[in-house]
file protein_36.cif (mmCIF, C-alpha atoms)
data_coords
#
loop_
_atom_site.group_PDB
_atom_site.id
_atom_site.type_symbol
_atom_site.label_atom_id
_atom_site.label_comp_id
_atom_site.auth_asym_id
_atom_site.auth_seq_id
_atom_site.Cartn_x
_atom_site.Cartn_y
_atom_site.Cartn_z
ATOM 1 C CA MET A 1 126.896 88.381 116.234
ATOM 2 C CA ASN A 2 123.654 90.310 116.840
ATOM 3 C CA TYR A 3 124.756 92.977 114.344
ATOM 4 C CA ASN A 4 125.131 90.317 111.649
ATOM 5 C CA ILE A 5 121.581 89.081 112.228
ATOM 6 C CA LEU A 6 120.267 92.634 112.185
ATOM 7 C CA PHE A 7 122.152 93.399 108.980
ATOM 8 C CA ILE A 8 120.934 90.223 107.242
ATOM 9 C CA THR A 9 117.337 90.849 108.324
ATOM 10 C CA ALA A 10 117.469 94.457 107.118
ATOM 11 C CA PHE A 11 119.082 93.396 103.838
ATOM 12 C CA ILE A 12 116.381 90.789 103.145
ATOM 13 C CA TYR A 13 113.576 93.199 104.071
ATOM 14 C CA PHE A 14 114.767 96.096 101.907
ATOM 15 C CA ASN A 15 115.742 93.786 99.071
ATOM 16 C CA SER A 16 112.218 92.323 99.026
ATOM 17 C CA LEU A 17 110.775 95.852 98.781
ATOM 18 C CA ALA A 18 112.909 96.530 95.735
ATOM 19 C CA TYR A 19 111.262 93.607 93.950
ATOM 20 C CA SER A 20 107.685 94.349 95.021
ATOM 21 C CA HIS A 21 105.404 95.129 92.152
ATOM 22 C CA PRO A 22 101.691 94.977 91.353
ATOM 23 C CA HIS A 23 100.046 91.903 89.884
ATOM 24 C CA LEU A 24 96.623 93.427 89.204
ATOM 25 C CA PHE A 25 95.679 96.576 87.316
ATOM 26 C CA ILE A 26 92.523 98.696 87.506
ATOM 27 C CA LYS A 27 91.130 101.540 85.385
ATOM 28 C CA SER A 28 88.789 103.685 87.486
ATOM 29 C CA SER A 29 85.955 106.068 86.896
ATOM 30 C CA SER A 30 83.803 107.956 89.388
ATOM 31 C CA ASP A 31 80.334 109.416 89.212
ATOM 32 C CA PHE A 32 79.115 111.703 91.989
ATOM 33 C CA LEU A 33 75.468 111.049 92.832
ATOM 34 C CA ILE A 34 73.885 114.426 93.604
ATOM 35 C CA LYS A 35 70.314 115.132 94.636
ATOM 36 C CA ASP A 36 68.865 118.344 96.088
ATOM 37 C CA ASN A 37 72.334 119.932 96.508
ATOM 38 C CA PHE A 38 73.684 116.924 98.447
ATOM 39 C CA ILE A 39 76.317 114.459 97.330
ATOM 40 C CA LYS A 40 74.558 111.196 98.225
ATOM 41 C CA GLY A 41 77.296 108.848 97.107
ATOM 42 C CA ILE A 42 80.194 108.142 94.796
ATOM 43 C CA LYS A 43 79.588 105.513 92.143
ATOM 44 C CA ILE A 44 82.902 103.797 91.461
ATOM 45 C CA SER A 45 83.654 101.744 88.362
ATOM 46 C CA TRP A 46 86.734 99.529 88.219
ATOM 47 C CA THR A 47 87.671 97.858 84.959
ATOM 48 C CA TRP A 48 90.154 95.081 85.684
ATOM 49 C CA ASP A 49 93.034 93.735 83.631
ATOM 50 C CA LYS A 50 92.645 90.630 81.469
ATOM 51 C CA TRP A 51 94.341 88.296 83.961
ATOM 52 C CA TRP A 52 92.104 89.148 86.937
ATOM 53 C CA SER A 53 89.109 89.183 84.621
ATOM 54 C CA GLU A 54 89.953 85.688 83.414
ATOM 55 C CA ASP A 55 90.165 84.404 87.002
ATOM 56 C CA VAL A 56 86.839 85.985 87.976
ATOM 57 C CA ILE A 57 85.083 84.704 84.845
ATOM 58 C CA ASN A 58 86.482 81.170 85.220
ATOM 59 C CA GLU A 59 85.524 80.988 88.891
ATOM 60 C CA CYS A 60 82.178 82.771 88.846
ATOM 61 C CA ASP A 61 80.469 82.523 85.439
ATOM 62 C CA LYS A 62 79.133 79.088 86.381
ATOM 63 C CA ASN A 63 76.827 78.725 83.372
ATOM 64 C CA ASN A 64 79.391 80.116 80.870
ATOM 65 C CA ASP A 65 76.950 82.620 79.343
ATOM 66 C CA ASN A 66 79.339 85.613 79.619
ATOM 67 C CA LEU A 67 76.918 87.312 82.002
ATOM 68 C CA PHE A 68 76.947 87.419 85.782
ATOM 69 C CA ASP A 69 73.509 86.591 87.140
ATOM 70 C CA GLU A 70 72.458 87.480 90.695
ATOM 71 C CA LYS A 71 74.012 84.365 92.287
ATOM 72 C CA GLU A 72 77.237 84.754 90.340
ATOM 73 C CA THR A 73 77.446 88.444 91.288
ATOM 74 C CA GLN A 74 76.988 87.503 94.947
ATOM 75 C CA LEU A 75 79.810 84.958 94.596
ATOM 76 C CA ILE A 76 82.086 87.656 93.133
ATOM 77 C CA TYR A 77 81.143 90.019 95.955
ATOM 78 C CA GLU A 78 81.917 87.416 98.617
ATOM 79 C CA ASP A 79 85.027 85.821 97.078
ATOM 80 C CA PHE A 80 86.601 88.561 94.948
ATOM 81 C CA PHE A 81 85.542 91.879 96.476
ATOM 82 C CA ILE A 82 84.533 92.116 100.133
ATOM 83 C CA GLY A 83 88.043 91.140 101.305
ATOM 84 C CA ILE A 84 89.227 94.647 100.434
ATOM 85 C CA GLU A 85 86.896 96.061 103.059
ATOM 86 C CA ASP A 86 89.848 95.703 105.442
ATOM 87 C CA PHE A 87 91.782 98.025 103.114
ATOM 88 C CA ASN A 88 89.048 100.693 102.998
ATOM 89 C CA TYR A 89 87.990 99.429 99.553
ATOM 90 C CA PHE A 90 91.312 100.783 98.209
ATOM 91 C CA THR A 91 89.692 104.224 98.452
ATOM 92 C CA GLU A 92 90.371 107.378 100.447
ATOM 93 C CA ILE A 93 87.967 110.305 100.370
ATOM 94 C CA THR A 94 88.621 113.771 101.780
ATOM 95 C CA ILE A 95 85.927 116.436 101.517
ATOM 96 C CA ASN A 96 86.620 120.041 102.506
ATOM 97 C CA ASN A 97 89.843 118.848 104.183
ATOM 98 C CA LYS A 98 87.974 116.280 106.322
ATOM 99 C CA LYS A 99 88.701 112.574 105.823
ATOM 100 C CA ILE A 100 85.501 110.598 105.236
ATOM 101 C CA LYS A 101 85.118 107.209 106.901
ATOM 102 C CA ILE A 102 83.869 104.587 104.479
ATOM 103 C CA ALA A 103 81.331 102.533 106.413
ATOM 104 C CA GLY A 104 80.570 100.176 103.543
ATOM 105 C CA VAL A 105 79.459 99.977 99.945
ATOM 106 C CA LYS A 106 76.136 99.258 98.278
ATOM 107 C CA ASP A 107 74.714 98.352 94.870
ATOM 108 C CA PHE A 108 77.636 96.093 93.910
ATOM 109 C CA LYS A 109 77.455 94.834 90.337
ATOM 110 C CA ALA A 110 79.872 92.978 88.080
ATOM 111 C CA PHE A 111 79.851 92.754 84.296
ATOM 112 C CA ILE A 112 81.736 90.926 81.580
ATOM 113 C CA ASN A 113 82.453 93.396 78.789
ATOM 114 C CA SER A 114 82.457 92.338 75.130
ATOM 115 C CA ASP A 115 86.257 92.017 75.234
ATOM 116 C CA LYS A 116 86.034 89.547 78.192
ATOM 117 C CA ILE A 117 87.172 92.191 80.689
ATOM 118 C CA VAL A 118 85.406 92.380 84.059
ATOM 119 C CA THR A 119 84.086 95.624 85.505
ATOM 120 C CA TYR A 120 82.909 96.130 89.086
ATOM 121 C CA ILE A 121 80.525 98.966 89.919
ATOM 122 C CA PHE A 122 79.628 99.945 93.472
ATOM 123 C CA VAL A 123 78.475 102.970 95.433
ATOM 124 C CA ILE A 124 80.160 104.473 98.475
ATOM 125 C CA PRO A 125 77.346 106.233 100.361
ATOM 126 C CA ILE A 126 78.152 109.677 101.744
ATOM 127 C CA GLU A 127 76.077 112.739 102.536
ATOM 128 C CA VAL A 128 77.650 116.131 101.928
ATOM 129 C CA LYS A 129 75.805 119.384 101.311
ATOM 130 C CA ILE A 130 77.023 121.438 98.394
ATOM 131 C CA GLU A 131 76.962 125.131 99.265
ATOM 132 C CA ASP A 132 78.700 126.930 96.382
ATOM 133 C CA GLU A 133 81.451 124.376 95.956
ATOM 134 C CA VAL A 134 82.997 121.339 97.612
ATOM 135 C CA LYS A 135 86.714 120.555 97.657
ATOM 136 C CA ILE A 136 87.306 116.822 97.115
ATOM 137 C CA SER A 137 90.311 114.541 97.179
ATOM 138 C CA LEU A 138 89.687 110.999 95.930
ATOM 139 C CA ALA A 139 92.503 108.456 96.049
ATOM 140 C CA PHE A 140 92.646 104.844 94.893
ATOM 141 C CA ASN A 141 95.503 102.873 96.387
ATOM 142 C CA ASP A 142 96.390 99.381 97.566
ATOM 143 C CA GLU A 143 98.929 99.646 100.389
ATOM 144 C CA THR A 144 99.929 95.998 99.862
ATOM 145 C CA ILE A 145 101.418 97.054 96.499
ATOM 146 C CA TYR A 146 99.531 94.179 94.856
ATOM 147 C CA THR A 147 97.138 96.304 92.790
ATOM 148 C CA ALA A 148 98.010 99.296 90.602
ATOM 149 C CA PHE A 149 95.555 101.975 89.515
ATOM 150 C CA ASP A 150 95.703 103.563 86.078
ATOM 151 C CA LYS A 151 96.484 107.283 86.223
ATOM 152 C CA ASN A 152 93.780 108.138 83.655
ATOM 153 C CA VAL A 153 90.817 108.324 86.015
ATOM 154 C CA VAL A 154 87.516 109.382 84.476
ATOM 155 C CA LEU A 155 85.207 111.745 86.374
ATOM 156 C CA LYS A 156 81.756 111.499 84.813
ATOM 157 C CA ASN A 157 79.856 114.727 84.113
ATOM 158 C CA ILE A 158 77.263 115.904 86.628
ATOM 159 C CA THR A 159 74.229 117.804 85.340
ATOM 160 C CA GLY A 160 74.103 121.273 86.925
ATOM 161 C CA TYR A 161 77.626 121.068 88.355
ATOM 162 C CA ALA A 162 81.181 121.390 87.090
ATOM 163 C CA TYR A 163 84.580 120.038 88.077
ATOM 164 C CA LYS A 164 87.185 122.737 88.693
ATOM 165 C CA ASN A 165 90.897 122.785 89.524
ATOM 166 C CA LEU A 166 91.354 119.147 88.522
ATOM 167 C CA LYS A 167 94.742 117.716 89.445
ATOM 168 C CA ILE A 168 95.733 114.035 89.095
ATOM 169 C CA THR A 169 98.893 112.802 90.819
ATOM 170 C CA ASN A 170 100.597 109.566 91.765
ATOM 171 C CA TYR A 171 99.678 108.386 95.239
ATOM 172 C CA SER A 172 101.928 106.120 97.277
ATOM 173 C CA TYR A 173 103.525 103.396 95.145
ATOM 174 C CA TYR A 174 100.905 102.437 92.555
ATOM 175 C CA GLY A 175 97.911 104.542 93.456
ATOM 176 C CA VAL A 176 96.345 107.642 91.985
ATOM 177 C CA LYS A 177 94.906 110.753 93.648
ATOM 178 C CA ILE A 178 92.448 113.183 92.118
ATOM 179 C CA ASP A 179 92.000 116.618 93.687
ATOM 180 C CA PHE A 180 89.207 118.843 92.416
ATOM 181 C CA THR A 181 86.279 121.044 93.316
ATOM 182 C CA ILE A 182 82.635 120.407 92.484
ATOM 183 C CA ALA A 183 80.841 123.698 91.941
ATOM 184 C CA LYS A 184 77.288 124.596 90.975
ATOM 185 C CA ASN A 185 76.960 125.867 87.417
ATOM 186 C CA LYS A 186 75.974 129.512 87.380
#
call {"tool": "encode", "arguments": {"input": "protein_36.cif", "output": "structure tokens"}}
result
Amino acid sequence: MNYNILFITAFIYFNSLAYSHPHLFIKSSSDFLIKDNFIKGIKISWTWDKWWSEDVINECDKNNDNLFDEKETQLIYEDFFIGIEDFNYFTEITINNKKIKIAGVKDFKAFINSDKIVTYIFVIPIEVKIEDEVKISLAFNDETIYTAFDKNVVLKNITGYAYKNLKITNYSYYGVKIDFTIAKNK
């Protein structure tokens, strides 16, 4: 009798995994904020899909002007963003083979693009000295399998530095991982 319960439970569990799929989609870009040979932060930009964008606009653009003012941006932050803090902001950072703890984010902004698509921009503060080069691994992933990240991640150019050895791979189920080196231009 106990084997039947175990079998049924296992069947239901693994069957539910087979049907798990994302409901939200994000296109990402990253900009490394460098000053005086230190990486001071990573500016992340997430452009959402039309369905999530529609929900955010309908719930938060209270005056229907297709712009998020300060109060509306705060509402988005509180109701549509800060909940992912428990999931490390869907971000994993490894620098020189050392995992970086994300203590929080700053400078959160949200925009409605001309095509009615919502973009979030925020900064993950870090402080890493750049000697000659820095090996970085940046991954975007939602372990709940609810959000998928586009594999075409954009790394924005950095004046005085170059990206080397760029490699983009799938990460977990619907995530993306970017491995690269930031090196001083010579």
call {"tool": "closest_residue", "arguments": {"input": "protein_36.cif", "among": "A:Val56, A:Leu67, A:Ile168, A:Ala183", "to": "A:Val153", "atoms": "all atoms listed in the file"}}
result
A:Ile168
call {"tool": "atom_distance", "arguments": {"input": "protein_36.cif", "atom1": "atom CA of A:Ile44", "atom2": "atom CA of A:Lys62"}}
result
25.5 Å
call {"tool": "atom_distance", "arguments": {"input": "protein_36.cif", "atom1": "atom CA of A:Ile182", "atom2": "atom CA of A:Ile136"}}
result
7.5 Å
call {"tool": "residues_around", "arguments": {"input": "protein_36.cif", "residues": "A:Lys129", "least_positions_apart": "2", "cutoff": "8 Å", "atoms": "all atoms listed in the file", "output": "PyMOL selection string"}}
result
chain A and resi 37-39+127+131
call {"tool": "atom_distance", "arguments": {"input": "protein_36.cif", "atom1": "atom CA of A:Glu143", "atom2": "atom CA of A:Phe68"}}
result
29.1 Å
call {"tool": "residues_around", "arguments": {"input": "protein_36.cif", "residues": "A:Thr119", "least_positions_apart": "2", "cutoff": "7 Å", "atoms": "only C-alpha atoms", "output": "PyMOL selection string"}}
result
chain A and resi 45-48+110-112+117+121
call {"tool": "resolve_selection", "arguments": {"input": "protein_36.cif", "expression": "the PyMOL selection byres ((chain A and resi 83-93) around 8)", "output": "JSON, numbers by chain"}}
result
{"A": [78, 79, 80, 81, 82, 94, 95, 99, 100, 101, 102, 104, 136, 137, 138, 139, 140, 141, 142, 143]}
call {"tool": "write_last_selection", "arguments": {"input": "protein_36.cif", "atoms": "C-alpha atoms", "output": "short mmCIF file (atom, residue, chain, number, x, y, z; two decimals), in the frame of the given file"}}
result
data_model
loop_
_atom_site.label_atom_id
_atom_site.label_comp_id
_atom_site.auth_asym_id
_atom_site.auth_seq_id
_atom_site.Cartn_x
_atom_site.Cartn_y
_atom_site.Cartn_z
CA GLU A 78 81.92 87.42 98.62
CA ASP A 79 85.03 85.82 97.08
CA PHE A 80 86.60 88.56 94.95
CA PHE A 81 85.54 91.88 96.48
CA ILE A 82 84.53 92.12 100.13
CA THR A 94 88.62 113.77 101.78
CA ILE A 95 85.93 116.44 101.52
CA LYS A 99 88.70 112.57 105.82
CA ILE A 100 85.50 110.60 105.24
CA LYS A 101 85.12 107.21 106.90
CA ILE A 102 83.87 104.59 104.48
CA GLY A 104 80.57 100.18 103.54
CA ILE A 136 87.31 116.82 97.12
CA SER A 137 90.31 114.54 97.18
CA LEU A 138 89.69 111.00 95.93
CA ALA A 139 92.50 108.46 96.05
CA PHE A 140 92.65 104.84 94.89
CA ASN A 141 95.50 102.87 96.39
CA ASP A 142 96.39 99.38 97.57
CA GLU A 143 98.93 99.65 100.39
#
call {"tool": "resolve_selection", "arguments": {"input": "protein_36.cif", "expression": "the PyMOL selection byres ((chain A and resi 133) around 10)", "output": "list in words"}}
result
Asn96, Lys129, Ile130, Glu131, Asp132, Val134, Lys135, Ile136, Tyr161, Ala162, Tyr163, Lys164, Thr181, Ile182, Ala183, Lys184 and Asn185 of chain A
call {"tool": "closest_residue", "arguments": {"input": "protein_36.cif", "among": "A:Ile57, A:Val128, A:Val118, A:Val176", "to": "A:Ala148", "atoms": "all atoms listed in the file"}}
result
A:Val176
call {"tool": "closest_residue", "arguments": {"input": "protein_36.cif", "among": "A:Tyr77, A:Phe32, A:Phe180, A:Trp52", "to": "A:Gly160", "atoms": "all atoms listed in the file"}}
result
A:Phe32
call {"tool": "residues_around", "arguments": {"input": "protein_36.cif", "residues": "stretch 124-126 of chain A", "least_positions_apart": "6", "cutoff": "7 Å", "atoms": "all atoms listed in the file", "output": "compact mmCIF listing (two decimals) with C-alpha atoms, keeping the file's coordinate frame"}}
result
# COMPACT_ATOMS: atom_id res chain seq x y z
CA ILE A 39 76.32 114.46 97.33
CA LYS A 40 74.56 111.20 98.22
CA GLY A 41 77.30 108.85 97.11
CA ILE A 42 80.19 108.14 94.80
CA LYS A 43 79.59 105.51 92.14
CA GLY A 104 80.57 100.18 103.54
CA VAL A 105 79.46 99.98 99.94
CA LYS A 106 76.14 99.26 98.28
call {"tool": "build_atoms", "arguments": {"input": "protein_36.cif", "residues": "stretch 123-143 of chain A", "atoms": "N, CA, C and O atoms", "output": "PDB file, keeping the file's coordinate frame"}}
result
ATOM      1  N   VAL A 123      78.710 101.621  94.934  1.00  0.00           N
ATOM      2  CA  VAL A 123      78.475 102.970  95.433  1.00  0.00           C
ATOM      3  C   VAL A 123      78.994 103.071  96.861  1.00  0.00           C
ATOM      4  O   VAL A 123      78.708 102.203  97.696  1.00  0.00           O
ATOM      5  N   ILE A 124      79.757 104.129  97.118  1.00  0.00           N
ATOM      6  CA  ILE A 124      80.160 104.473  98.475  1.00  0.00           C
ATOM      7  C   ILE A 124      79.194 105.562  98.948  1.00  0.00           C
ATOM      8  O   ILE A 124      79.226 106.681  98.429  1.00  0.00           O
ATOM      9  N   PRO A 125      78.312 105.230  99.898  1.00  0.00           N
ATOM     10  CA  PRO A 125      77.346 106.233 100.361  1.00  0.00           C
ATOM     11  C   PRO A 125      78.025 107.312 101.213  1.00  0.00           C
ATOM     12  O   PRO A 125      78.840 106.998 102.077  1.00  0.00           O
ATOM     13  N   ILE A 126      77.713 108.540 100.925  1.00  0.00           N
ATOM     14  CA  ILE A 126      78.152 109.677 101.744  1.00  0.00           C
ATOM     15  C   ILE A 126      77.015 110.692 101.718  1.00  0.00           C
ATOM     16  O   ILE A 126      76.094 110.575 100.896  1.00  0.00           O
ATOM     17  N   GLU A 127      77.076 111.666 102.569  1.00  0.00           N
ATOM     18  CA  GLU A 127      76.077 112.739 102.536  1.00  0.00           C
ATOM     19  C   GLU A 127      76.797 114.036 102.837  1.00  0.00           C
ATOM     20  O   GLU A 127      77.221 114.278 103.967  1.00  0.00           O
ATOM     21  N   VAL A 128      76.946 114.856 101.796  1.00  0.00           N
ATOM     22  CA  VAL A 128      77.650 116.131 101.928  1.00  0.00           C
ATOM     23  C   VAL A 128      76.845 117.202 101.207  1.00  0.00           C
ATOM     24  O   VAL A 128      76.515 117.049 100.029  1.00  0.00           O
ATOM     25  N   LYS A 129      76.538 118.264 101.911  1.00  0.00           N
ATOM     26  CA  LYS A 129      75.805 119.384 101.311  1.00  0.00           C
ATOM     27  C   LYS A 129      76.747 120.207 100.450  1.00  0.00           C
ATOM     28  O   LYS A 129      77.882 120.476 100.830  1.00  0.00           O
ATOM     29  N   ILE A 130      76.260 120.577  99.286  1.00  0.00           N
ATOM     30  CA  ILE A 130      77.023 121.438  98.394  1.00  0.00           C
ATOM     31  C   ILE A 130      76.504 122.853  98.586  1.00  0.00           C
ATOM     32  O   ILE A 130      75.362 123.148  98.240  1.00  0.00           O
ATOM     33  N   GLU A 131      77.326 123.711  99.163  1.00  0.00           N
ATOM     34  CA  GLU A 131      76.962 125.131  99.265  1.00  0.00           C
ATOM     35  C   GLU A 131      77.235 125.718  97.880  1.00  0.00           C
ATOM     36  O   GLU A 131      76.501 125.449  96.968  1.00  0.00           O
ATOM     37  N   ASP A 132      78.312 126.462  97.716  1.00  0.00           N
ATOM     38  CA  ASP A 132      78.700 126.930  96.382  1.00  0.00           C
ATOM     39  C   ASP A 132      79.615 125.925  95.701  1.00  0.00           C
ATOM     40  O   ASP A 132      79.518 125.677  94.512  1.00  0.00           O
ATOM     41  N   GLU A 133      80.533 125.366  96.492  1.00  0.00           N
ATOM     42  CA  GLU A 133      81.451 124.376  95.956  1.00  0.00           C
ATOM     43  C   GLU A 133      81.960 123.485  97.076  1.00  0.00           C
ATOM     44  O   GLU A 133      81.874 123.823  98.256  1.00  0.00           O
ATOM     45  N   VAL A 134      82.473 122.323  96.670  1.00  0.00           N
ATOM     46  CA  VAL A 134      82.997 121.339  97.612  1.00  0.00           C
ATOM     47  C   VAL A 134      84.368 120.900  97.117  1.00  0.00           C
ATOM     48  O   VAL A 134      84.519 120.507  95.954  1.00  0.00           O
ATOM     49  N   LYS A 135      85.352 120.984  97.990  1.00  0.00           N
ATOM     50  CA  LYS A 135      86.714 120.555  97.657  1.00  0.00           C
ATOM     51  C   LYS A 135      86.839 119.059  97.971  1.00  0.00           C
ATOM     52  O   LYS A 135      86.551 118.636  99.093  1.00  0.00           O
ATOM     53  N   ILE A 136      87.260 118.280  96.973  1.00  0.00           N
ATOM     54  CA  ILE A 136      87.306 116.822  97.115  1.00  0.00           C
ATOM     55  C   ILE A 136      88.688 116.289  96.742  1.00  0.00           C
ATOM     56  O   ILE A 136      89.307 116.749  95.783  1.00  0.00           O
ATOM     57  N   SER A 137      89.125 115.317  97.505  1.00  0.00           N
ATOM     58  CA  SER A 137      90.311 114.541  97.179  1.00  0.00           C
ATOM     59  C   SER A 137      89.882 113.078  97.189  1.00  0.00           C
ATOM     60  O   SER A 137      89.336 112.589  98.187  1.00  0.00           O
ATOM     61  N   LEU A 138      90.080 112.392  96.078  1.00  0.00           N
ATOM     62  CA  LEU A 138      89.687 110.999  95.930  1.00  0.00           C
ATOM     63  C   LEU A 138      90.931 110.214  95.519  1.00  0.00           C
ATOM     64  O   LEU A 138      91.537 110.516  94.492  1.00  0.00           O
ATOM     65  N   ALA A 139      91.307 109.243  96.342  1.00  0.00           N
ATOM     66  CA  ALA A 139      92.503 108.456  96.049  1.00  0.00           C
ATOM     67  C   ALA A 139      92.146 106.981  95.972  1.00  0.00           C
ATOM     68  O   ALA A 139      91.339 106.482  96.763  1.00  0.00           O
ATOM     69  N   PHE A 140      92.753 106.292  95.015  1.00  0.00           N
ATOM     70  CA  PHE A 140      92.646 104.844  94.893  1.00  0.00           C
ATOM     71  C   PHE A 140      94.044 104.286  95.097  1.00  0.00           C
ATOM     72  O   PHE A 140      94.980 104.674  94.389  1.00  0.00           O
ATOM     73  N   ASN A 141      94.175 103.385  96.069  1.00  0.00           N
ATOM     74  CA  ASN A 141      95.503 102.873  96.387  1.00  0.00           C
ATOM     75  C   ASN A 141      95.388 101.559  97.146  1.00  0.00           C
ATOM     76  O   ASN A 141      94.529 101.394  98.001  1.00  0.00           O
ATOM     77  N   ASP A 142      96.276 100.647  96.842  1.00  0.00           N
ATOM     78  CA  ASP A 142      96.390  99.381  97.566  1.00  0.00           C
ATOM     79  C   ASP A 142      97.732  99.398  98.289  1.00  0.00           C
ATOM     80  O   ASP A 142      98.777  99.276  97.658  1.00  0.00           O
ATOM     81  N   GLU A 143      97.695  99.563  99.591  1.00  0.00           N
ATOM     82  CA  GLU A 143      98.929  99.646 100.389  1.00  0.00           C
ATOM     83  C   GLU A 143      99.758  98.369 100.347  1.00  0.00           C
ATOM     84  O   GLU A 143     100.927  98.380 100.697  1.00  0.00           O
TER      85      GLU A 143
END
